[in-house]
$ cat structure25.txt   # compact mmCIF, C-alpha atoms and all ligand atoms
# COMPACT_ATOMS: atom_id res chain seq x y z
CA MET O 1 38.56 -2.20 2.47
CA ASN O 2 37.25 -0.16 -0.46
CA LEU O 3 33.71 1.01 0.25
CA GLU O 4 33.45 3.48 -2.59
CA VAL O 5 31.59 1.17 -4.93
CA THR O 6 28.40 1.99 -6.76
CA PRO O 7 25.50 1.49 -4.34
CA ILE O 8 23.45 -1.54 -5.21
CA ALA O 9 20.10 -2.45 -3.75
CA LEU O 10 20.33 -6.19 -3.36
CA GLU O 11 16.82 -7.47 -2.78
CA ARG O 12 16.45 -11.05 -1.69
CA THR O 13 12.96 -12.36 -1.46
CA ALA O 14 11.18 -13.24 1.76
CA PRO O 15 8.66 -15.85 0.69
CA ARG O 16 6.39 -15.85 3.76
CA LEU O 17 6.23 -12.13 4.45
CA MET O 18 6.09 -10.91 0.89
CA GLN O 19 3.17 -12.98 -0.31
CA SER O 20 0.72 -10.11 0.13
CA GLU O 21 0.84 -6.55 -1.20
CA PRO O 22 3.09 -4.17 0.75
CA LEU O 23 1.43 -2.08 3.46
CA LEU O 24 3.92 0.70 2.82
CA THR O 25 5.48 1.64 -0.49
CA MET O 26 7.92 4.51 -1.01
CA ARG O 27 9.42 5.29 -4.37
CA ALA O 28 12.37 7.45 -5.39
CA ILE O 29 12.49 9.53 -2.22
CA SER O 30 15.09 12.30 -2.29
CA LYS O 31 15.69 15.00 0.30
CA ARG O 32 18.36 17.67 0.72
CA TYR O 33 19.02 19.97 3.65
CA GLY O 34 21.07 22.76 2.10
CA ASP O 35 24.19 21.07 0.76
CA VAL O 36 23.52 17.84 2.63
CA ARG O 37 22.00 15.02 0.62
CA ALA O 38 20.00 13.28 3.37
CA LEU O 39 18.17 10.82 1.06
CA HIS O 40 18.82 9.94 -2.54
CA ASN O 41 16.40 7.96 -4.65
CA VAL O 42 15.29 5.66 -1.82
CA ASP O 43 12.73 2.92 -2.50
CA ALA O 44 11.14 1.01 0.38
CA ALA O 45 8.43 -1.61 0.76
CA VAL O 46 7.16 -2.92 4.09
CA TYR O 47 4.85 -5.92 4.18
CA PRO O 48 1.96 -6.51 6.62
CA GLY O 49 3.06 -8.03 9.92
CA GLU O 50 6.79 -7.77 9.37
CA VAL O 51 9.51 -5.88 11.22
CA MET O 52 11.69 -3.94 8.81
CA GLY O 53 14.99 -2.88 10.33
CA ILE O 54 16.86 0.14 9.01
CA VAL O 55 20.52 0.20 9.91
CA GLY O 56 23.43 2.46 9.03
CA GLU O 57 25.99 4.77 10.53
CA SER O 58 25.17 8.19 11.99
CA GLY O 59 24.04 10.60 9.27
CA SER O 60 23.11 7.88 6.77
CA GLY O 61 19.51 9.14 6.55
CA LYS O 62 17.67 6.63 8.76
CA SER O 63 15.78 9.15 10.87
CA THR O 64 15.01 11.34 7.87
CA LEU O 65 13.41 8.35 6.15
CA LEU O 66 11.40 7.52 9.28
CA ARG O 67 10.23 11.16 9.53
CA MET O 68 9.01 10.85 5.93
CA MET O 69 7.13 7.67 6.85
CA ASN O 70 5.53 9.60 9.73
CA LEU O 71 4.66 12.45 7.33
CA GLU O 72 6.56 14.93 9.51
CA ASP O 73 8.61 16.00 6.54
CA THR O 74 8.19 15.90 2.77
CA PRO O 75 10.80 15.09 0.11
CA GLU O 76 11.75 17.00 -3.01
CA ASN O 77 10.91 13.92 -5.07
CA GLY O 78 9.13 10.68 -4.52
CA ASP O 79 5.84 9.22 -3.46
CA TYR O 80 4.47 7.37 -0.47
CA HIS O 81 1.53 4.98 -0.31
CA LEU O 82 -0.07 3.13 2.60
CA ARG O 83 -2.61 0.43 1.89
CA LEU O 84 -5.28 1.24 4.49
CA PRO O 85 -8.81 -0.14 4.69
CA GLN O 86 -11.53 2.22 3.46
CA ARG O 87 -9.02 4.69 2.11
CA ALA O 88 -8.43 5.52 -1.51
CA ASP O 89 -4.85 5.06 -2.67
CA GLY O 90 -2.84 8.17 -3.48
CA ASN O 91 0.48 9.83 -2.78
CA LEU O 92 0.36 10.76 0.92
CA PHE O 93 2.79 13.63 0.34
CA ASP O 94 0.00 15.33 -1.62
CA LEU O 95 -2.26 15.53 1.45
CA SER O 96 -2.80 18.81 3.30
CA ARG O 97 -1.09 19.28 6.69
CA TYR O 98 -4.40 18.65 8.46
CA GLU O 99 -5.07 15.47 6.48
CA ARG O 100 -1.55 14.23 7.17
CA ARG O 101 -1.96 14.91 10.90
CA MET O 102 -5.25 13.02 11.04
CA LEU O 103 -3.89 10.10 9.04
CA CYS O 104 -0.88 9.82 11.35
CA ALA O 105 -3.01 10.07 14.50
CA ARG O 106 -5.23 7.23 13.33
CA HIS O 107 -2.93 4.91 11.44
CA ILE O 108 0.72 5.51 12.41
CA GLY O 109 2.34 5.27 15.83
CA ILE O 110 5.88 6.43 16.58
CA VAL O 111 8.36 5.99 19.41
CA TYR O 112 11.29 8.40 19.39
CA GLN O 113 14.67 7.89 20.99
CA ASN O 114 14.14 11.17 22.82
CA PRO O 115 10.96 10.93 24.93
CA HIS O 116 10.69 14.73 24.95
CA LEU O 117 9.73 14.51 21.26
CA GLY O 118 6.91 12.06 21.89
CA LEU O 119 5.55 13.01 25.30
CA LEU O 120 4.29 15.96 27.30
CA MET O 121 6.66 15.44 30.21
CA ARG O 122 4.58 17.32 32.78
CA HIS O 123 1.24 15.70 31.98
CA SER O 124 0.30 12.36 33.53
CA SER O 125 1.32 9.19 31.69
CA SER O 126 -2.32 8.19 31.23
CA GLY O 127 -3.06 11.74 29.99
CA ASN O 128 -0.33 11.41 27.36
CA VAL O 129 -1.94 8.25 26.03
CA ALA O 130 -5.44 9.76 26.24
CA GLU O 131 -4.27 12.74 24.18
CA ARG O 132 -3.77 10.44 21.20
CA LEU O 133 -7.33 9.13 21.65
CA LEU O 134 -8.71 12.67 21.95
CA ILE O 135 -7.17 13.63 18.59
CA ALA O 136 -9.07 10.69 17.10
CA GLY O 137 -12.35 12.07 18.49
CA GLU O 138 -12.90 10.08 21.71
CA ARG O 139 -14.54 12.31 24.36
CA SER O 140 -15.84 10.11 27.20
CA PHE O 141 -13.59 10.34 30.26
CA ASP O 142 -14.25 6.74 31.29
CA VAL O 143 -13.51 5.41 27.80
CA LEU O 144 -10.36 7.54 27.54
CA ARG O 145 -9.06 6.30 30.88
CA GLY O 146 -10.01 2.69 30.14
CA LYS O 147 -8.29 2.69 26.76
CA ALA O 148 -5.23 4.48 28.13
CA ARG O 149 -5.02 1.87 30.87
CA GLU O 150 -5.31 -0.94 28.33
CA ALA O 151 -2.53 0.49 26.12
CA LEU O 152 -0.24 1.09 29.12
CA ASP O 153 -0.86 -2.45 30.31
CA ALA O 154 -0.10 -3.88 26.84
CA SER O 155 3.16 -1.90 26.95
CA GLU O 156 3.96 -3.55 30.30
CA PHE O 157 3.89 -0.23 32.12
CA PRO O 158 3.14 -0.60 35.86
CA LEU O 159 -0.46 0.60 36.16
CA ALA O 160 0.05 1.79 39.73
CA ARG O 161 2.11 4.59 38.16
CA MET O 162 -0.26 5.55 35.35
CA ASP O 163 -0.87 8.98 36.88
CA ALA O 164 2.85 9.72 37.31
CA ARG O 165 4.31 12.33 34.96
CA PRO O 166 6.94 11.07 32.48
CA ILE O 167 9.44 13.52 33.95
CA GLU O 168 9.29 11.49 37.18
CA LEU O 169 9.88 8.16 35.41
CA SER O 170 12.98 6.22 34.36
CA GLY O 171 14.05 6.17 30.69
CA GLY O 172 12.67 2.66 30.20
CA MET O 173 9.29 3.64 31.66
CA GLN O 174 9.17 6.76 29.49
CA GLN O 175 9.66 4.56 26.42
CA ARG O 176 6.78 2.36 27.59
CA VAL O 177 4.52 5.43 27.84
CA GLN O 178 5.55 6.44 24.31
CA LEU O 179 4.81 2.91 23.17
CA ALA O 180 1.37 2.93 24.84
CA LYS O 181 0.57 6.24 23.15
CA ALA O 182 1.76 4.85 19.82
CA ILE O 183 -0.37 1.69 19.97
CA ALA O 184 -3.46 3.16 21.66
CA LEU O 185 -5.36 3.41 18.37
CA GLU O 186 -4.05 0.10 17.04
CA PRO O 187 -2.07 1.68 14.21
CA ALA O 188 -1.43 -0.05 10.90
CA LEU O 189 2.21 0.97 11.16
CA LEU O 190 4.48 1.40 14.19
CA LEU O 191 7.67 3.41 13.66
CA LEU O 192 10.50 3.01 16.17
CA ASP O 193 13.42 5.45 16.02
CA GLU O 194 16.24 4.07 18.19
CA PRO O 195 13.65 3.17 20.88
CA THR O 196 16.17 1.59 23.26
CA THR O 197 19.29 3.65 22.56
CA GLY O 198 20.61 5.20 25.75
CA LEU O 199 18.90 2.71 28.05
CA ASP O 200 20.84 0.35 30.33
CA VAL O 201 21.45 -2.98 28.62
CA SER O 202 19.10 -4.86 30.98
CA VAL O 203 16.32 -2.27 30.52
CA GLN O 204 16.91 -2.34 26.76
CA ALA O 205 16.39 -6.12 26.75
CA LEU O 206 13.10 -5.78 28.64
CA VAL O 207 11.76 -3.10 26.28
CA LEU O 208 12.77 -5.22 23.27
CA ASP O 209 10.94 -8.19 24.84
CA THR O 210 7.80 -6.06 25.13
CA LEU O 211 8.10 -5.00 21.49
CA LYS O 212 8.56 -8.61 20.39
CA ARG O 213 5.55 -9.75 22.39
CA LEU O 214 3.40 -6.96 20.97
CA GLN O 215 4.53 -7.80 17.47
CA ARG O 216 3.80 -11.48 17.97
CA ASP O 217 0.39 -10.96 19.62
CA ARG O 218 -0.92 -8.12 17.48
CA LYS O 219 1.00 -8.68 14.24
CA ILE O 220 1.81 -4.97 14.13
CA THR O 221 3.86 -3.93 11.12
CA MET O 222 6.97 -2.20 12.45
CA VAL O 223 9.81 -0.17 11.02
CA LEU O 224 12.71 -0.10 13.43
CA VAL O 225 15.64 2.30 13.02
CA SER O 226 18.80 1.50 14.92
CA HIS O 227 22.53 1.94 14.55
CA ASP O 228 22.82 -1.17 16.78
CA LEU O 229 23.07 -4.33 14.72
CA GLY O 230 22.29 -6.43 17.80
CA VAL O 231 18.90 -4.73 18.20
CA ILE O 232 18.11 -5.14 14.50
CA ARG O 233 19.17 -8.77 14.60
CA THR O 234 16.92 -9.46 17.59
CA MET O 235 13.87 -7.79 16.10
CA ALA O 236 13.89 -7.56 12.32
CA ASP O 237 12.56 -9.95 9.67
CA ARG O 238 14.09 -7.91 6.87
CA VAL O 239 16.70 -5.21 6.88
CA MET O 240 17.65 -2.17 4.81
CA VAL O 241 21.23 -0.97 5.06
CA MET O 242 21.71 2.77 4.46
CA ARG O 243 24.80 4.77 3.70
CA HIS O 244 25.10 8.42 2.63
CA GLY O 245 21.33 8.66 2.11
CA GLU O 246 21.09 5.58 -0.11
CA VAL O 247 19.97 2.00 0.41
CA VAL O 248 23.05 -0.10 -0.33
CA GLU O 249 21.59 -3.50 0.50
CA GLN O 250 18.32 -5.02 1.63
CA GLY O 251 16.95 -8.48 2.22
CA LEU O 252 16.06 -11.05 4.85
CA ALA O 253 17.81 -10.12 8.09
CA ASP O 254 19.33 -13.60 8.54
CA GLN O 255 20.73 -13.60 5.01
CA VAL O 256 22.08 -10.07 5.18
CA PHE O 257 23.82 -10.74 8.48
CA GLN O 258 25.18 -14.15 7.53
CA ASP O 259 26.16 -13.34 3.98
CA PRO O 260 26.40 -9.58 3.45
CA GLN O 261 26.95 -8.65 -0.19
CA HIS O 262 27.83 -4.98 -0.10
CA PRO O 263 31.29 -4.05 1.20
CA TYR O 264 29.76 -1.53 3.60
CA THR O 265 27.43 -4.16 5.08
CA GLN O 266 30.35 -6.55 5.33
CA GLN O 267 32.28 -3.94 7.27
CA LEU O 268 29.30 -3.27 9.59
CA VAL O 269 28.72 -6.96 10.27
CA HIS O 270 32.38 -7.79 10.81
CA ALA O 271 32.89 -4.78 13.07
CA LYS O 272 30.09 -6.12 15.25
CA LEU O 273 31.41 -9.69 15.44
N1 LIG U 301 16.45 19.24 9.84
C1 LIG U 301 17.68 19.09 9.32
N2 LIG U 301 18.39 20.17 8.93
C2 LIG U 301 19.61 20.03 8.38
N3 LIG U 301 20.21 18.84 8.16
C3 LIG U 301 19.57 17.75 8.55
C4 LIG U 301 18.27 17.80 9.15
N4 LIG U 301 17.87 16.52 9.41
C5 LIG U 301 18.88 15.73 9.01
N5 LIG U 301 19.88 16.44 8.49
C6 LIG U 301 21.13 15.91 7.91
O1 LIG U 301 20.76 14.86 7.03
C7 LIG U 301 21.66 13.77 7.15
C8 LIG U 301 20.91 12.51 7.54
O2 LIG U 301 20.47 12.68 8.89
P1 LIG U 301 19.64 11.59 9.69
O3 LIG U 301 19.34 12.16 11.05
O4 LIG U 301 18.50 11.13 8.88
O5 LIG U 301 20.69 10.41 9.81
P2 LIG U 301 20.67 9.15 10.78
O6 LIG U 301 21.14 8.00 9.97
O7 LIG U 301 19.33 9.02 11.41
O8 LIG U 301 21.75 9.55 11.84
P3 LIG U 301 21.70 9.41 13.46
O9 LIG U 301 21.79 7.95 13.74
O10 LIG U 301 22.92 10.18 13.90
O11 LIG U 301 20.42 10.04 13.89
C9 LIG U 301 22.71 14.19 8.18
O12 LIG U 301 23.83 14.70 7.49
C10 LIG U 301 22.02 15.27 8.97
O13 LIG U 301 22.94 16.18 9.51
$ encode --input "structure25.txt" --output "structure tokens"
Amino acid sequence: MNLEVTPIALERTAPRLMQSEPLLTMRAISKRYGDVRALHNVDAAVYPGEVMGIVGESGSGKSTLLRMMNLEDTPENGDYHLRLPQRADGNLFDLSRYERRMLCARHIGIVYQNPHLGLLMRHSSSGNVAERLLIAGERSFDVLRGKAREALDASEFPLARMDARPIELSGGMQQRVQLAKAIALEPALLLLDEPTTGLDVSVQALVLDTLKRLQRDRKITMVLVSHDLGVIRTMADRVMVMRHGEVVEQGLADQVFQDPQHPYTQQLVHAKL
């Protein structure tokens, strides 16, 4: 099958989800690491309350794009806007490091595939969640512990273990602590970078159930990166397909999976069937 065709971004409309203005808008994002073109001219829009799945083979630029959304990295070109209450619009890449850190702490949560990136493994689980609240200015011990407990409970973490250190927990439990930390401040945007990759299939299903319940109950806007089409299919309303740092196809998840237009998407979908 010839995949070397000009990339096309096939947008198909999602009537229900796209009625409002996007929460997240990225335009013309490009990023190189030395000779490697990690992202090339990527546009993205994520609407309030939806789950946007980003899928593509290893090295296609998924994690780089998510790091941009989490303001951990900046591109050579492009701009990034989040529509947040009581905040003037502007390109978030123009903010200072401190401003970016504060904006992320308050408005963006992230769960990494590798829990070492998201957690202090030798601090208690509740302490990890409380740390997020401390950054946002909360100082009362009772409030910190209460809110950490609430976030852990919402992430379906067993509260009897809230003082255990992540290093003592299973992979699935570590992901629940990351999730609790990510949602503790009720972020506008939750970023999930391969959150269940590496977990046993049964544990993976339970963590995905928790994510689905949270999404349903709290209407959290999520961006989910996965190389696993099954995970994307289970979770996503819309999907972006990436290849060699470009978006080759995007649209409603059901449509893209049932009737993929780009040869690369066709290959991905048929390989999975
Ligand atoms: N910090 C970095 N330094 C150098 N190259 C990088 C860096 N981060 C990413 N890259 C390169 O950019 C390209 C895109 O990487 P990225 O991690 O975004 O892809 P991915 O789709 O998330 O892949 P995977 O599923 O394997 O994580 C790859 O070629 C990668 O090697």
$ closest_residue --input "structure25.txt" --among "O:Val247, O:Ile232, O:Ile167, O:Leu23" --to "Tyr264 of chain O" --atoms "all atoms listed in the file"
O:Val247
$ closest_residue --input "structure25.txt" --among "O:Gly251, O:Pro166, O:Pro187, O:Gly245" --to "ligand LIG 301 (chain U)" --atoms "all atoms listed in the file"
O:Gly245
$ closest_atom_pairs --input "structure25.txt" --of "chain O" --to "ligand LIG 301 (chain U)" --cutoff "6 Å" --atoms "all atoms listed in the file" --output "Markdown table"
| residue | atom | partner | partner_atom | distance |
| --- | --- | --- | --- | --- |
| O:Tyr33 | CA | U:LIG301 | C2 | 4.8 |
| O:Val36 | CA | U:LIG301 | O12 | 5.8 |
| O:Ala38 | CA | U:LIG301 | O1 | 4.1 |
| O:Glu57 | CA | U:LIG301 | O6 | 5.9 |
| O:Ser58 | CA | U:LIG301 | O10 | 3.6 |
| O:Gly59 | CA | U:LIG301 | O5 | 3.4 |
| O:Ser60 | CA | U:LIG301 | O6 | 3.8 |
| O:Gly61 | CA | U:LIG301 | O4 | 3.2 |
| O:Lys62 | CA | U:LIG301 | O6 | 3.9 |
| O:Ser63 | CA | U:LIG301 | O7 | 3.6 |
| O:Thr64 | CA | U:LIG301 | O4 | 3.6 |
$ closest_residue --input "structure25.txt" --among "O:Pro115, O:Gly109, O:Gly90, O:Pro22" --to "Leu189 of chain O" --atoms "all atoms listed in the file"
O:Gly109
$ residues_around --input "structure25.txt" --residues "Arg216 of chain O" --least-positions-apart "5" --cutoff "12 Å" --atoms "only C-alpha atoms" --output "list in words"
Gly49, Glu50, Val51, Asp209, Thr210, Leu211, Thr221, Met222 and Met235 of chain O
$ write_last_selection --input "structure25.txt" --atoms "C-alpha atoms" --output "PDB file, keeping the file's coordinate frame"
ATOM      1  CA  GLY O  49       3.060  -8.030   9.920  1.00  0.00           C
ATOM      2  CA  GLU O  50       6.790  -7.770   9.370  1.00  0.00           C
ATOM      3  CA  VAL O  51       9.510  -5.880  11.220  1.00  0.00           C
ATOM      4  CA  ASP O 209      10.940  -8.190  24.840  1.00  0.00           C
ATOM      5  CA  THR O 210       7.800  -6.060  25.130  1.00  0.00           C
ATOM      6  CA  LEU O 211       8.100  -5.000  21.490  1.00  0.00           C
ATOM      7  CA  THR O 221       3.860  -3.930  11.120  1.00  0.00           C
ATOM      8  CA  MET O 222       6.970  -2.200  12.450  1.00  0.00           C
ATOM      9  CA  MET O 235      13.870  -7.790  16.100  1.00  0.00           C
TER      10      MET O 235
END
$ residues_near_point --input "structure25.txt" --point "(13.3, 4.2, 10.6)" --cutoff "9 Å" --atoms "all atoms listed in the file" --output "list in words"
Met52, Gly53, Ile54, Val55, Gly61, Lys62, Ser63, Thr64, Leu65, Leu66, Arg67, Met69, Leu191, Leu192, Asp193, Glu194, Val223, Leu224, Val225 and Ser226 of chain O
$ closest_residue --input "structure25.txt" --among "O:Asp73, O:Ser20, O:Leu190, O:Ala182" --to "Glu131 of chain O" --atoms "only C-alpha atoms"
O:Ala182
$ residues_around --input "structure25.txt" --residues "Leu82 of chain O" --least-positions-apart "5" --cutoff "8 Å" --atoms "only C-alpha atoms" --output "MDAnalysis selection string"
chainID O and resid 23:25 89 92
$ closest_residue --input "structure25.txt" --among "O:Leu133, O:Leu120, O:Leu199, O:Leu208" --to "Ala184 of chain O" --atoms "all atoms listed in the file"
O:Leu133
$ atom_distance --input "structure25.txt" --atom1 "atom CA of Arg122 of chain O" --atom2 "atom CA of Ser155 of chain O"
20.1 Å
$ residues_around --input "structure25.txt" --residues "segment 135-149 of chain O" --least-positions-apart "4" --cutoff "8 Å" --atoms "all atoms listed in the file" --output "number ranges by chain"
O: 102, 105-106, 126-127, 129-131, 153, 159, 162, 180-181, 184
$ atom_distance --input "structure25.txt" --atom1 "atom CA of Arg37 of chain O" --atom2 "atom CA of Asn70 of chain O"
19.6 Å
$ atom_distance --input "structure25.txt" --atom1 "atom CA of Val239 of chain O" --atom2 "atom CA of Asn114 of chain O"
23.0 Å
$ closest_residue --input "structure25.txt" --among "O:Ser125, O:Ile183, O:Ala236, O:Ile220" --to "Phe157 of chain O" --atoms "only C-alpha atoms"
O:Ser125
$ axis_aligned_box --input "structure25.txt" --around "segment 183-192 of chain O" --padding-each-side "6 Å" --output "JSON"
{"center_x": 2.6, "center_y": 1.7, "center_z": 16.3, "size_x": 27.9, "size_y": 15.5, "size_z": 22.8}
$ decode --input "structure25.txt" --residues "segment 24-64 of chain O" --atoms "C-alpha atoms" --output "PDB file, in the first residue's frame"
ATOM      1  CA  LEU O  24      -7.945  24.714  23.108  1.00  0.00           C
ATOM      2  CA  THR O  25      -6.680  26.076  19.816  1.00  0.00           C
ATOM      3  CA  MET O  26      -3.219  25.442  18.386  1.00  0.00           C
ATOM      4  CA  ARG O  27      -2.129  26.832  15.065  1.00  0.00           C
ATOM      5  CA  ALA O  28       0.795  26.001  12.798  1.00  0.00           C
ATOM      6  CA  ILE O  29       2.929  24.322  15.456  1.00  0.00           C
ATOM      7  CA  SER O  30       6.361  23.247  14.236  1.00  0.00           C
ATOM      8  CA  LYS O  31       9.201  21.776  16.261  1.00  0.00           C
ATOM      9  CA  ARG O  32      12.577  20.304  15.342  1.00  0.00           C
ATOM     10  CA  TYR O  33      15.071  18.464  17.508  1.00  0.00           C
ATOM     11  CA  GLY O  34      18.300  18.770  15.551  1.00  0.00           C
ATOM     12  CA  ASP O  35      17.613  17.059  12.238  1.00  0.00           C
ATOM     13  CA  VAL O  36      14.400  15.464  13.468  1.00  0.00           C
ATOM     14  CA  ARG O  37      11.180  17.158  12.435  1.00  0.00           C
ATOM     15  CA  ALA O  38       9.006  16.280  15.449  1.00  0.00           C
ATOM     16  CA  LEU O  39       6.024  18.482  14.475  1.00  0.00           C
ATOM     17  CA  HIS O  40       5.262  20.218  11.216  1.00  0.00           C
ATOM     18  CA  ASN O  41       2.549  22.818  10.849  1.00  0.00           C
ATOM     19  CA  VAL O  42       0.125  21.120  13.250  1.00  0.00           C
ATOM     20  CA  ASP O  43      -3.297  22.670  13.893  1.00  0.00           C
ATOM     21  CA  ALA O  44      -5.505  21.379  16.704  1.00  0.00           C
ATOM     22  CA  ALA O  45      -8.816  22.356  18.257  1.00  0.00           C
ATOM     23  CA  VAL O  46     -10.336  20.686  21.309  1.00  0.00           C
ATOM     24  CA  TYR O  47     -13.901  21.485  22.321  1.00  0.00           C
ATOM     25  CA  PRO O  48     -15.261  21.722  25.884  1.00  0.00           C
ATOM     26  CA  GLY O  49     -16.253  18.371  27.350  1.00  0.00           C
ATOM     27  CA  GLU O  50     -14.869  16.189  24.583  1.00  0.00           C
ATOM     28  CA  VAL O  51     -12.174  13.530  24.550  1.00  0.00           C
ATOM     29  CA  MET O  52      -9.739  14.103  21.712  1.00  0.00           C
ATOM     30  CA  GLY O  53      -7.662  11.048  20.904  1.00  0.00           C
ATOM     31  CA  ILE O  54      -4.259  11.388  19.271  1.00  0.00           C
ATOM     32  CA  VAL O  55      -3.035   8.241  17.592  1.00  0.00           C
ATOM     33  CA  GLY O  56      -0.017   7.365  15.475  1.00  0.00           C
ATOM     34  CA  GLU O  57       3.023   5.156  15.357  1.00  0.00           C
ATOM     35  CA  SER O  58       6.070   5.613  17.588  1.00  0.00           C
ATOM     36  CA  GLY O  59       7.921   8.827  16.742  1.00  0.00           C
ATOM     37  CA  SER O  60       4.955  10.465  14.990  1.00  0.00           C
ATOM     38  CA  GLY O  61       5.036  13.447  17.374  1.00  0.00           C
ATOM     39  CA  LYS O  62       2.153  12.619  19.742  1.00  0.00           C
ATOM     40  CA  SER O  63       4.041  13.165  22.990  1.00  0.00           C
ATOM     41  CA  THR O  64       5.776  16.263  21.659  1.00  0.00           C
TER      42      THR O  64
END
